[in-house]
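Enquirer: Please find model13.cif (mmCIF, C-alpha atoms, pLDDT in the B column; chains and numbers go by the auth columns) on the next line:
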data_work
loop_
_atom_site.group_PDB
_atom_site.id
_atom_site.type_symbol
_atom_site.label_atom_id
_atom_site.label_comp_id
_atom_site.label_asym_id
_atom_site.label_seq_id
_atom_site.Cartn_x
_atom_site.Cartn_y
_atom_site.Cartn_z
_atom_site.B_iso_or_equiv
_atom_site.auth_seq_id
_atom_site.auth_asym_id
ATOM 1 C CA MET A 1 26.161 -12.631 -3.992 38.00 1 A
ATOM 2 C CA ARG A 2 23.366 -11.031 -1.934 51.00 2 A
ATOM 3 C CA GLN A 3 21.383 -14.252 -2.065 48.00 3 A
ATOM 4 C CA GLU A 4 24.411 -16.186 -0.838 44.00 4 A
ATOM 5 C CA VAL A 5 25.094 -13.772 2.033 45.00 5 A
ATOM 6 C CA ASN A 6 21.482 -13.372 3.130 53.00 6 A
ATOM 7 C CA ASN A 7 20.529 -17.025 2.838 60.00 7 A
ATOM 8 C CA SER A 8 18.844 -17.062 6.233 87.00 8 A
ATOM 9 C CA LEU A 9 16.756 -14.768 8.357 93.00 9 A
ATOM 10 C CA ASP A 10 19.462 -14.862 11.029 93.00 10 A
ATOM 11 C CA ASN A 11 22.049 -13.528 8.578 93.00 11 A
ATOM 12 C CA ALA A 12 19.656 -10.836 7.361 95.00 12 A
ATOM 13 C CA ILE A 13 18.987 -9.703 10.931 95.00 13 A
ATOM 14 C CA LYS A 14 22.707 -9.660 11.748 94.00 14 A
ATOM 15 C CA GLN A 15 23.503 -7.507 8.719 94.00 15 A
ATOM 16 C CA TYR A 16 20.551 -5.215 9.469 96.00 16 A
ATOM 17 C CA LEU A 17 21.800 -4.607 13.010 96.00 17 A
ATOM 18 C CA GLU A 18 25.335 -3.962 11.829 95.00 18 A
ATOM 19 C CA SER A 19 24.289 -1.522 9.099 94.00 19 A
ATOM 20 C CA HIS A 20 21.966 0.456 11.388 93.00 20 A
ATOM 21 C CA GLY A 21 24.069 0.397 14.528 92.00 21 A
ATOM 22 C CA PHE A 22 21.395 -1.274 16.632 92.00 22 A
ATOM 23 C CA GLY A 23 22.499 -3.549 19.429 89.00 23 A
ATOM 24 C CA LEU A 24 19.452 -5.783 19.428 91.00 24 A
ATOM 25 C CA PHE A 25 16.560 -6.793 17.213 94.00 25 A
ATOM 26 C CA GLU A 26 13.575 -7.122 19.533 92.00 26 A
ATOM 27 C CA PRO A 27 10.496 -7.798 17.370 96.00 27 A
ATOM 28 C CA LYS A 28 7.268 -6.643 18.967 98.00 28 A
ATOM 29 C CA ALA A 29 5.319 -5.899 15.783 98.00 29 A
ATOM 30 C CA VAL A 30 5.140 -6.915 12.136 98.00 30 A
ATOM 31 C CA LEU A 31 3.991 -4.481 9.452 98.00 31 A
ATOM 32 C CA PHE A 32 2.390 -6.195 6.468 98.00 32 A
ATOM 33 C CA ASP A 33 1.689 -4.566 3.141 96.00 33 A
ATOM 34 C CA MET A 34 -1.766 -5.519 1.838 94.00 34 A
ATOM 35 C CA ASP A 35 -1.896 -6.043 -1.944 92.00 35 A
ATOM 36 C CA GLY A 36 0.326 -8.910 -3.013 94.00 36 A
ATOM 37 C CA VAL A 37 1.028 -9.776 0.632 97.00 37 A
ATOM 38 C CA LEU A 38 -2.265 -10.300 2.449 97.00 38 A
ATOM 39 C CA TYR A 39 -4.319 -10.641 -0.719 95.00 39 A
ATOM 40 C CA ASN A 40 -3.440 -12.073 -4.124 95.00 40 A
ATOM 41 C CA SER A 41 -4.938 -8.926 -5.589 93.00 41 A
ATOM 42 C CA MET A 42 -2.238 -7.555 -7.856 93.00 42 A
ATOM 43 C CA PRO A 43 -3.386 -9.298 -11.067 95.00 43 A
ATOM 44 C CA HIS A 44 -6.774 -7.551 -10.702 95.00 44 A
ATOM 45 C CA HIS A 45 -5.110 -4.253 -9.823 93.00 45 A
ATOM 46 C CA ALA A 46 -2.935 -4.470 -12.930 95.00 46 A
ATOM 47 C CA ILE A 47 -5.965 -4.997 -15.178 97.00 47 A
ATOM 48 C CA ALA A 48 -7.864 -2.148 -13.534 96.00 48 A
ATOM 49 C CA TRP A 49 -4.929 0.262 -13.726 96.00 49 A
ATOM 50 C CA VAL A 50 -4.314 -0.367 -17.421 97.00 50 A
ATOM 51 C CA GLN A 51 -7.989 0.058 -18.335 98.00 51 A
ATOM 52 C CA ALA A 52 -8.579 3.197 -16.273 97.00 52 A
ATOM 53 C CA MET A 53 -5.436 4.877 -17.532 98.00 53 A
ATOM 54 C CA GLU A 54 -6.122 3.852 -21.127 97.00 54 A
ATOM 55 C CA GLU A 55 -9.582 5.451 -20.897 98.00 55 A
ATOM 56 C CA ASN A 56 -7.817 8.680 -19.951 97.00 56 A
ATOM 57 C CA LYS A 57 -5.094 8.346 -22.595 97.00 57 A
ATOM 58 C CA ILE A 58 -2.269 7.829 -20.091 97.00 58 A
ATOM 59 C CA PRO A 59 0.086 4.993 -21.145 97.00 59 A
ATOM 60 C CA MET A 60 0.519 2.356 -18.451 97.00 60 A
ATOM 61 C CA SER A 61 1.392 -1.329 -18.666 96.00 61 A
ATOM 62 C CA GLU A 62 0.633 -4.178 -16.295 95.00 62 A
ATOM 63 C CA THR A 63 4.334 -4.245 -15.406 94.00 63 A
ATOM 64 C CA ASP A 64 4.049 -0.578 -14.438 95.00 64 A
ATOM 65 C CA ALA A 65 1.289 -1.536 -12.011 94.00 65 A
ATOM 66 C CA TYR A 66 3.764 -3.738 -10.135 93.00 66 A
ATOM 67 C CA LEU A 67 6.592 -1.209 -10.346 93.00 67 A
ATOM 68 C CA TYR A 68 4.462 1.609 -8.919 92.00 68 A
ATOM 69 C CA GLU A 69 2.608 -0.571 -6.435 90.00 69 A
ATOM 70 C CA GLY A 70 2.552 0.963 -2.966 83.00 70 A
ATOM 71 C CA MET A 71 2.480 4.569 -4.105 87.00 71 A
ATOM 72 C CA ARG A 72 -0.790 6.339 -3.326 86.00 72 A
ATOM 73 C CA GLY A 73 -3.094 6.051 -6.326 90.00 73 A
ATOM 74 C CA VAL A 74 -3.501 9.774 -6.924 92.00 74 A
ATOM 75 C CA GLU A 75 0.278 10.210 -6.793 92.00 75 A
ATOM 76 C CA THR A 76 0.776 7.456 -9.381 95.00 76 A
ATOM 77 C CA ILE A 77 -1.744 9.050 -11.732 97.00 77 A
ATOM 78 C CA THR A 78 -0.376 12.588 -11.493 97.00 78 A
ATOM 79 C CA LYS A 79 3.198 11.340 -11.901 96.00 79 A
ATOM 80 C CA LEU A 80 2.523 9.222 -14.992 97.00 80 A
ATOM 81 C CA ALA A 81 0.236 11.818 -16.575 98.00 81 A
ATOM 82 C CA TRP A 82 3.007 14.410 -16.340 97.00 82 A
ATOM 83 C CA GLU A 83 5.885 12.145 -17.339 97.00 83 A
ATOM 84 C CA ARG A 84 4.116 10.407 -20.222 97.00 84 A
ATOM 85 C CA THR A 85 1.643 12.955 -21.590 97.00 85 A
ATOM 86 C CA ASN A 86 2.977 16.268 -20.235 97.00 86 A
ATOM 87 C CA ARG A 87 -0.422 16.840 -18.592 96.00 87 A
ATOM 88 C CA LYS A 88 -0.576 18.398 -15.136 97.00 88 A
ATOM 89 C CA LEU A 89 -3.669 16.924 -13.546 97.00 89 A
ATOM 90 C CA SER A 90 -5.472 18.481 -10.622 96.00 90 A
ATOM 91 C CA ILE A 91 -6.047 16.399 -7.506 94.00 91 A
ATOM 92 C CA GLU A 92 -9.729 16.237 -8.442 96.00 92 A
ATOM 93 C CA GLU A 93 -8.955 14.960 -11.951 97.00 93 A
ATOM 94 C CA ALA A 94 -6.556 12.341 -10.605 97.00 94 A
ATOM 95 C CA GLN A 95 -9.060 11.281 -7.957 95.00 95 A
ATOM 96 C CA ALA A 96 -11.724 10.790 -10.622 97.00 96 A
ATOM 97 C CA ILE A 97 -9.391 8.460 -12.526 97.00 97 A
ATOM 98 C CA TYR A 98 -8.580 6.590 -9.333 93.00 98 A
ATOM 99 C CA ASP A 99 -12.281 6.249 -8.559 94.00 99 A
ATOM 100 C CA ARG A 100 -12.760 4.734 -12.012 96.00 100 A
ATOM 101 C CA LYS A 101 -9.871 2.359 -11.367 95.00 101 A
ATOM 102 C CA THR A 102 -11.540 1.341 -8.092 91.00 102 A
ATOM 103 C CA GLU A 103 -14.812 0.732 -9.934 94.00 103 A
ATOM 104 C CA ILE A 104 -13.115 -1.523 -12.495 95.00 104 A
ATOM 105 C CA PHE A 105 -11.247 -3.388 -9.734 92.00 105 A
ATOM 106 C CA GLY A 106 -14.494 -3.996 -7.873 89.00 106 A
ATOM 107 C CA GLY A 107 -16.075 -5.506 -10.962 94.00 107 A
ATOM 108 C CA LEU A 108 -13.361 -8.137 -11.358 94.00 108 A
ATOM 109 C CA GLY A 109 -14.598 -10.234 -8.449 90.00 109 A
ATOM 110 C CA GLU A 110 -13.276 -10.961 -4.988 89.00 110 A
ATOM 111 C CA VAL A 111 -9.616 -11.762 -4.527 91.00 111 A
ATOM 112 C CA GLU A 112 -8.282 -14.558 -2.353 94.00 112 A
ATOM 113 C CA LYS A 113 -6.039 -14.267 0.668 96.00 113 A
ATOM 114 C CA MET A 114 -2.393 -14.905 -0.125 97.00 114 A
ATOM 115 C CA PHE A 115 -1.481 -18.558 0.333 97.00 115 A
ATOM 116 C CA GLY A 116 0.147 -19.186 3.700 98.00 116 A
ATOM 117 C CA VAL A 117 -0.143 -15.661 5.085 98.00 117 A
ATOM 118 C CA GLU A 118 -2.784 -16.470 7.695 97.00 118 A
ATOM 119 C CA ASP A 119 -0.666 -19.292 9.138 98.00 119 A
ATOM 120 C CA LEU A 120 2.257 -16.868 9.314 98.00 120 A
ATOM 121 C CA MET A 121 0.170 -14.218 11.044 98.00 121 A
ATOM 122 C CA ARG A 122 -1.162 -16.667 13.616 98.00 122 A
ATOM 123 C CA GLN A 123 2.361 -17.848 14.446 98.00 123 A
ATOM 124 C CA LEU A 124 3.574 -14.283 14.851 98.00 124 A
ATOM 125 C CA GLN A 125 0.598 -13.483 17.062 98.00 125 A
ATOM 126 C CA ARG A 126 1.295 -16.542 19.226 97.00 126 A
ATOM 127 C CA ASP A 127 4.847 -15.247 19.577 97.00 127 A
ATOM 128 C CA GLY A 128 3.498 -12.003 20.993 97.00 128 A
ATOM 129 C CA LEU A 129 3.816 -9.681 18.002 98.00 129 A
ATOM 130 C CA THR A 130 1.300 -6.971 17.206 98.00 130 A
ATOM 131 C CA ILE A 131 0.114 -7.237 13.608 98.00 131 A
ATOM 132 C CA GLY A 132 -0.037 -4.023 11.618 98.00 132 A
ATOM 133 C CA VAL A 133 -1.017 -3.334 8.014 97.00 133 A
ATOM 134 C CA VAL A 134 0.610 -0.529 6.013 96.00 134 A
ATOM 135 C CA THR A 135 -0.834 -0.043 2.549 91.00 135 A
ATOM 136 C CA GLY A 136 -0.824 2.728 -0.002 84.00 136 A
ATOM 137 C CA SER A 137 -4.249 1.558 -1.097 81.00 137 A
ATOM 138 C CA GLY A 138 -7.431 3.563 -0.964 73.00 138 A
ATOM 139 C CA GLN A 139 -9.473 0.603 -2.226 68.00 139 A
ATOM 140 C CA ARG A 140 -12.299 0.633 0.313 75.00 140 A
ATOM 141 C CA PRO A 141 -13.704 -2.793 -0.691 70.00 141 A
ATOM 142 C CA LEU A 142 -10.461 -4.465 0.373 67.00 142 A
ATOM 143 C CA LEU A 143 -9.874 -2.213 3.361 75.00 143 A
ATOM 144 C CA ASP A 144 -13.360 -3.006 4.653 79.00 144 A
ATOM 145 C CA ARG A 145 -12.625 -6.726 4.350 86.00 145 A
ATOM 146 C CA LEU A 146 -9.432 -6.727 6.385 91.00 146 A
ATOM 147 C CA GLU A 147 -10.905 -7.107 9.856 88.00 147 A
ATOM 148 C CA ARG A 148 -13.455 -9.653 8.644 91.00 148 A
ATOM 149 C CA ASP A 149 -11.065 -11.786 6.614 94.00 149 A
ATOM 150 C CA PHE A 150 -8.359 -11.693 9.278 96.00 150 A
ATOM 151 C CA SER A 151 -10.633 -11.815 12.302 93.00 151 A
ATOM 152 C CA GLY A 152 -8.720 -11.721 15.569 95.00 152 A
ATOM 153 C CA LEU A 153 -5.505 -10.864 13.747 97.00 153 A
ATOM 154 C CA VAL A 154 -5.969 -7.386 12.282 95.00 154 A
ATOM 155 C CA SER A 155 -7.318 -4.410 14.207 93.00 155 A
ATOM 156 C CA ARG A 156 -8.425 -1.166 12.584 90.00 156 A
ATOM 157 C CA ASN A 157 -6.264 0.710 15.090 93.00 157 A
ATOM 158 C CA HIS A 158 -3.184 -0.878 13.554 95.00 158 A
ATOM 159 C CA ILE A 159 -3.994 -0.205 9.875 94.00 159 A
ATOM 160 C CA VAL A 160 -2.343 2.569 7.849 94.00 160 A
ATOM 161 C CA THR A 161 -3.902 3.399 4.473 90.00 161 A
ATOM 162 C CA ALA A 162 -3.623 6.084 1.811 86.00 162 A
ATOM 163 C CA TYR A 163 -6.015 8.150 3.928 88.00 163 A
ATOM 164 C CA ASP A 164 -3.588 8.313 6.878 91.00 164 A
ATOM 165 C CA VAL A 165 -0.649 9.976 5.104 91.00 165 A
ATOM 166 C CA THR A 166 -0.157 12.832 2.678 89.00 166 A
ATOM 167 C CA ILE A 167 2.730 11.183 0.854 90.00 167 A
ATOM 168 C CA GLY A 168 3.015 7.499 0.115 89.00 168 A
ATOM 169 C CA LYS A 169 5.674 4.872 -0.463 93.00 169 A
ATOM 170 C CA PRO A 170 8.639 4.989 -1.178 95.00 170 A
ATOM 171 C CA ASN A 171 8.614 7.811 1.381 95.00 171 A
ATOM 172 C CA PRO A 172 9.025 6.331 4.882 97.00 172 A
ATOM 173 C CA ALA A 173 5.945 8.181 6.180 96.00 173 A
ATOM 174 C CA PRO A 174 3.529 5.206 5.886 96.00 174 A
ATOM 175 C CA TYR A 175 5.850 2.864 7.775 98.00 175 A
ATOM 176 C CA ASN A 176 6.702 5.526 10.339 98.00 176 A
ATOM 177 C CA LYS A 177 2.953 5.840 10.894 97.00 177 A
ATOM 178 C CA GLY A 178 2.746 2.058 11.231 98.00 178 A
ATOM 179 C CA LEU A 179 5.408 2.106 13.946 98.00 179 A
ATOM 180 C CA GLU A 180 3.500 4.856 15.721 98.00 180 A
ATOM 181 C CA LYS A 181 0.174 3.009 15.568 97.00 181 A
ATOM 182 C CA CYS A 182 1.764 -0.178 16.910 98.00 182 A
ATOM 183 C CA GLY A 183 3.703 1.703 19.589 98.00 183 A
ATOM 184 C CA VAL A 184 7.141 0.381 18.614 98.00 184 A
ATOM 185 C CA LYS A 185 10.532 1.610 17.420 97.00 185 A
ATOM 186 C CA ALA A 186 12.256 0.695 14.152 97.00 186 A
ATOM 187 C CA ASN A 187 14.336 -2.113 15.665 96.00 187 A
ATOM 188 C CA GLU A 188 11.235 -3.554 17.323 98.00 188 A
ATOM 189 C CA ALA A 189 9.419 -4.380 14.095 98.00 189 A
ATOM 190 C CA PHE A 190 9.874 -5.868 10.671 98.00 190 A
ATOM 191 C CA VAL A 191 8.185 -5.216 7.341 98.00 191 A
ATOM 192 C CA VAL A 192 6.764 -7.817 4.954 98.00 192 A
ATOM 193 C CA GLU A 193 6.551 -6.382 1.437 98.00 193 A
ATOM 194 C CA ASN A 194 6.273 -7.552 -2.146 97.00 194 A
ATOM 195 C CA ALA A 195 6.682 -4.289 -4.069 95.00 195 A
ATOM 196 C CA PRO A 196 9.845 -2.339 -4.944 96.00 196 A
ATOM 197 C CA LEU A 197 8.489 0.989 -3.668 95.00 197 A
ATOM 198 C CA GLY A 198 7.187 -0.669 -0.519 95.00 198 A
ATOM 199 C CA VAL A 199 10.554 -2.284 0.146 98.00 199 A
ATOM 200 C CA LYS A 200 12.243 1.075 -0.297 97.00 200 A
ATOM 201 C CA ALA A 201 9.765 2.699 2.109 97.00 201 A
ATOM 202 C CA GLY A 202 10.468 0.105 4.792 98.00 202 A
ATOM 203 C CA VAL A 203 14.215 0.503 4.313 98.00 203 A
ATOM 204 C CA ASN A 204 13.896 4.299 4.378 97.00 204 A
ATOM 205 C CA ALA A 205 12.100 3.986 7.722 98.00 205 A
ATOM 206 C CA GLY A 206 15.037 2.014 9.108 97.00 206 A
ATOM 207 C CA ILE A 207 13.021 -1.166 9.624 98.00 207 A
ATOM 208 C CA LEU A 208 14.162 -4.720 8.849 98.00 208 A
ATOM 209 C CA THR A 209 12.451 -5.311 5.505 98.00 209 A
ATOM 210 C CA ILE A 210 11.592 -8.782 4.238 98.00 210 A
ATOM 211 C CA ALA A 211 10.569 -8.990 0.592 98.00 211 A
ATOM 212 C CA VAL A 212 8.338 -11.866 -0.475 97.00 212 A
ATOM 213 C CA ASN A 213 8.271 -11.887 -4.260 97.00 213 A
ATOM 214 C CA THR A 214 4.695 -12.857 -5.087 95.00 214 A
ATOM 215 C CA GLY A 215 4.616 -11.072 -8.449 93.00 215 A
ATOM 216 C CA PRO A 216 6.294 -11.222 -11.878 93.00 216 A
ATOM 217 C CA LEU A 217 9.189 -8.845 -11.212 94.00 217 A
ATOM 218 C CA PRO A 218 12.712 -10.280 -10.884 96.00 218 A
ATOM 219 C CA ASP A 219 14.173 -10.640 -7.396 96.00 219 A
ATOM 220 C CA ASP A 220 16.983 -8.237 -8.311 96.00 220 A
ATOM 221 C CA ILE A 221 14.568 -5.306 -8.337 96.00 221 A
ATOM 222 C CA LEU A 222 13.700 -6.001 -4.700 97.00 222 A
ATOM 223 C CA TRP A 223 17.334 -6.436 -3.714 97.00 223 A
ATOM 224 C CA GLU A 224 18.172 -3.148 -5.439 97.00 224 A
ATOM 225 C CA GLN A 225 15.656 -1.322 -3.260 97.00 225 A
ATOM 226 C CA GLY A 226 17.497 -2.518 -0.162 97.00 226 A
ATOM 227 C CA ALA A 227 15.550 -5.593 0.932 97.00 227 A
ATOM 228 C CA ASP A 228 17.284 -7.374 3.814 97.00 228 A
ATOM 229 C CA ILE A 229 16.194 -10.742 2.424 97.00 229 A
ATOM 230 C CA VAL A 230 14.109 -11.838 -0.573 97.00 230 A
ATOM 231 C CA LEU A 231 11.907 -14.928 -0.264 97.00 231 A
ATOM 232 C CA LYS A 232 9.614 -16.806 -2.630 95.00 232 A
ATOM 233 C CA ASP A 233 6.432 -17.157 -0.556 96.00 233 A
ATOM 234 C CA MET A 234 4.818 -16.920 2.877 97.00 234 A
ATOM 235 C CA PRO A 235 5.431 -20.562 3.882 97.00 235 A
ATOM 236 C CA GLN A 236 9.158 -19.979 3.380 96.00 236 A
ATOM 237 C CA LEU A 237 9.024 -16.959 5.682 97.00 237 A
ATOM 238 C CA LEU A 238 7.071 -18.928 8.283 97.00 238 A
ATOM 239 C CA GLU A 239 9.647 -21.721 8.215 96.00 239 A
ATOM 240 C CA LEU A 240 12.551 -19.271 8.572 96.00 240 A
ATOM 241 C CA TRP A 241 10.783 -17.495 11.429 95.00 241 A
ATOM 242 C CA LYS A 242 10.169 -20.742 13.328 94.00 242 A
ATOM 243 C CA THR A 243 13.754 -21.935 12.861 91.00 243 A
ATOM 244 C CA ARG A 244 15.554 -18.654 13.607 86.00 244 A
ATOM 245 C CA LYS A 245 18.042 -18.698 16.461 68.00 245 A
#
Translate this structure into structure tokens?
Expert:
Amino acid sequence: MRQEVNNSLDNAIKQYLESHGFGLFEPKAVLFDMDGVLYNSMPHHAIAWVQAMEENKIPMSETDAYLYEGMRGVETITKLAWERTNRKLSIEEAQAIYDRKTEIFGGLGEVEKMFGVEDLMRQLQRDGLTIGVVTGSGQRPLLDRLERDFSGLVSRNHIVTAYDVTIGKPNPAPYNKGLEKCGVKANEAFVVENAPLGVKAGVNAGILTIAVNTGPLPDDILWEQGADIVLKDMPQLLELWKTRK
């Protein structure tokens, strides 16, 4: 039913405005997640998460990596350690595990940019939108690549990372920070996400949230978190953007 109702970006925008009581949707900025949106990095993250957690006797599957994607790494570790092993880790202990996860991730080789995302970003920039990045990641190798890989599109001043907030997705704080950095209000931006917790964070911040399902999770999980529309890839989003009324 949701797919039938929200079968276009125009319908998704209309329903968003009605549900939030906004008169107009005036996009001035777009807030992209990073992993699974700008980079096809989630397969490597999943491998690294499983190995690092296994080394520390904390059960975690590759599916869990997608389900908890977007949450700050230290938060994920402390949460799963408590829930699955009844261990209360200190911040320092959790950070050490996250550092190990980062080390494993770095050894898996460079990841490619997500297919079609650069074309989308360039179109949005031509249309006058500021491009922001809002990620729960603290993976410095990828963060350091952003400005280089997306030269002329991404500015450090418009990037929110795990180091900019004290609580991560699904809390709205990261996306609220993204709005602040881009100098816009909730109805002047939209979010592009791939992860359930990221979708929920965008929705919690009151921003139009577009889910692009680039991973193995079923679409229903993204709908359940409140996504305004769920798409299959970046080219589909670009086409809908160009043909919106």
Enquirer: Please identify all polymer residues within 7 Å of stretch 70-78 of chain A, counting all atoms listed in the file, omitting same-chain residues fewer than 3 positions from it, and present them as a PyMOL selection string.
Expert: chain A and resi 81-82+88-89+94-95+98+135-137+162+168-170+195+197-198
Enquirer: Once the PyMOL selection byres ((chain A and resi 100) around 10) has been applied to the shown file, what residues remain in the selection, as JSON, numbers by chain?
Expert: {"A": [48, 49, 51, 52, 53, 55, 94, 95, 96, 97, 98, 99, 101, 102, 103, 104, 105, 106]}
Enquirer: As a check of understanding, name the residues that the PyMOL selection byres ((chain A and resi 188-190) around 12) selects in the supplied structure, as a PyMOL selection string.
Expert: chain A and resi 9+12-13+16-17+22-33+124+128-134+175-176+178-187+191-193+199+202-203+205-211+227-229+241
Enquirer: Evaluate the PyMOL selection byres ((chain A and resi 63) around 10) on the structure here and hand back the selected residues as a PyMOL selection string.
Expert: chain A and resi 46+50+60-62+64-69+215-217
Enquirer: Kindly give the distance, in Å, that separates atom CA of A:Lys57 and atom CA of A:His44, rounded to a single decimal.
Expert: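 Computing it gives 19.9 Å between the two atoms.
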Enquirer: Work out how far apart atom CA of A:Met34 and atom CA of A:Lys177 are and give it in Å to one decimal.
Expert: 15.3 Å
Enquirer: So what do you get for atom CA of A:Asp119 versus atom CA of A:Met234, distance-wise?
Expert: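 Atom CA of A:Met234 lies 8.7 Å from atom CA of A:Asp119.
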Enquirer: What box, with edges along x, y and z, holds each listed atom of stretch 212-226 of chain A when 4 Å is added on every side, and can you state its centre and edge lengths in Å to one decimal, as lines of an AutoDock Vina configuration file?
Expert:
center_x = 11.4
center_y = -7.1
center_z = -6.0
size_x = 21.6
size_y = 19.5
size_z = 19.7
Enquirer: Out of A:Met42, A:Val165, A:Leu238, A:Ala201, which residue has the shortest atom-to-atom distance to A:Lys113 when counting all atoms listed in the file?
Expert: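 That would be A:Met42, the residue with the smallest distance to A:Lys113.
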